[in-house]
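Asker: There's a structure below that I have some questions on.
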Amino acid sequence: MHAEEREQHEPVRPICIVCQQPKESGIRIVTEFLCESCEAELVRTDVQDEKYPFYIRQLKRIWYQQNA
Ligand SMILES: [Zn+2]
């Protein structure tokens with residue numbers, strides 16, 4: 001029997017401001033992080049879409065911080 005060695009090299013993943021999931025790739029906006037899929041989703045989302053205000057609300061939190 002030999003002990004299974006597990007590498008604990010997991011990089012700290014940033015938490016996406018929209019989906020609240022730890023993701024590897026995405027963009028950093030000031031201190032916040034927006035993952036690739038949410039960014040793509042946001043770009044695709046029509047202004048008329050019911051999800052749009054949600055994205056804007058999440059992103060405004062960043063913009064407000066930036067202007068502070
Ligand atoms: Zn996300």
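By order of appearance in the structure tokens: chains A, B, ..., then residues from 1 within every chain, and ligands from 1 in the order shown.
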Using only C-alpha atoms and all ligand atoms, which residues have at least one atom no more than 12 Å from ligand 1? Output them as a PyMOL selection string.
Answerer: chain A and resi 13-28+32-42+55+58-59
Asker: Pick out each residue of range 16-68 of chain A that DSSP on the backbone tags as strand (DSSP E or B); I need them as a VMD selection string.
Answerer: chain A and resid 22 26 to 29 32 to 35
Asker: Mind pulling up the distance from CA of Arg61 in chain A to CA of Val47 in chain A?
Answerer: 18.5 Å
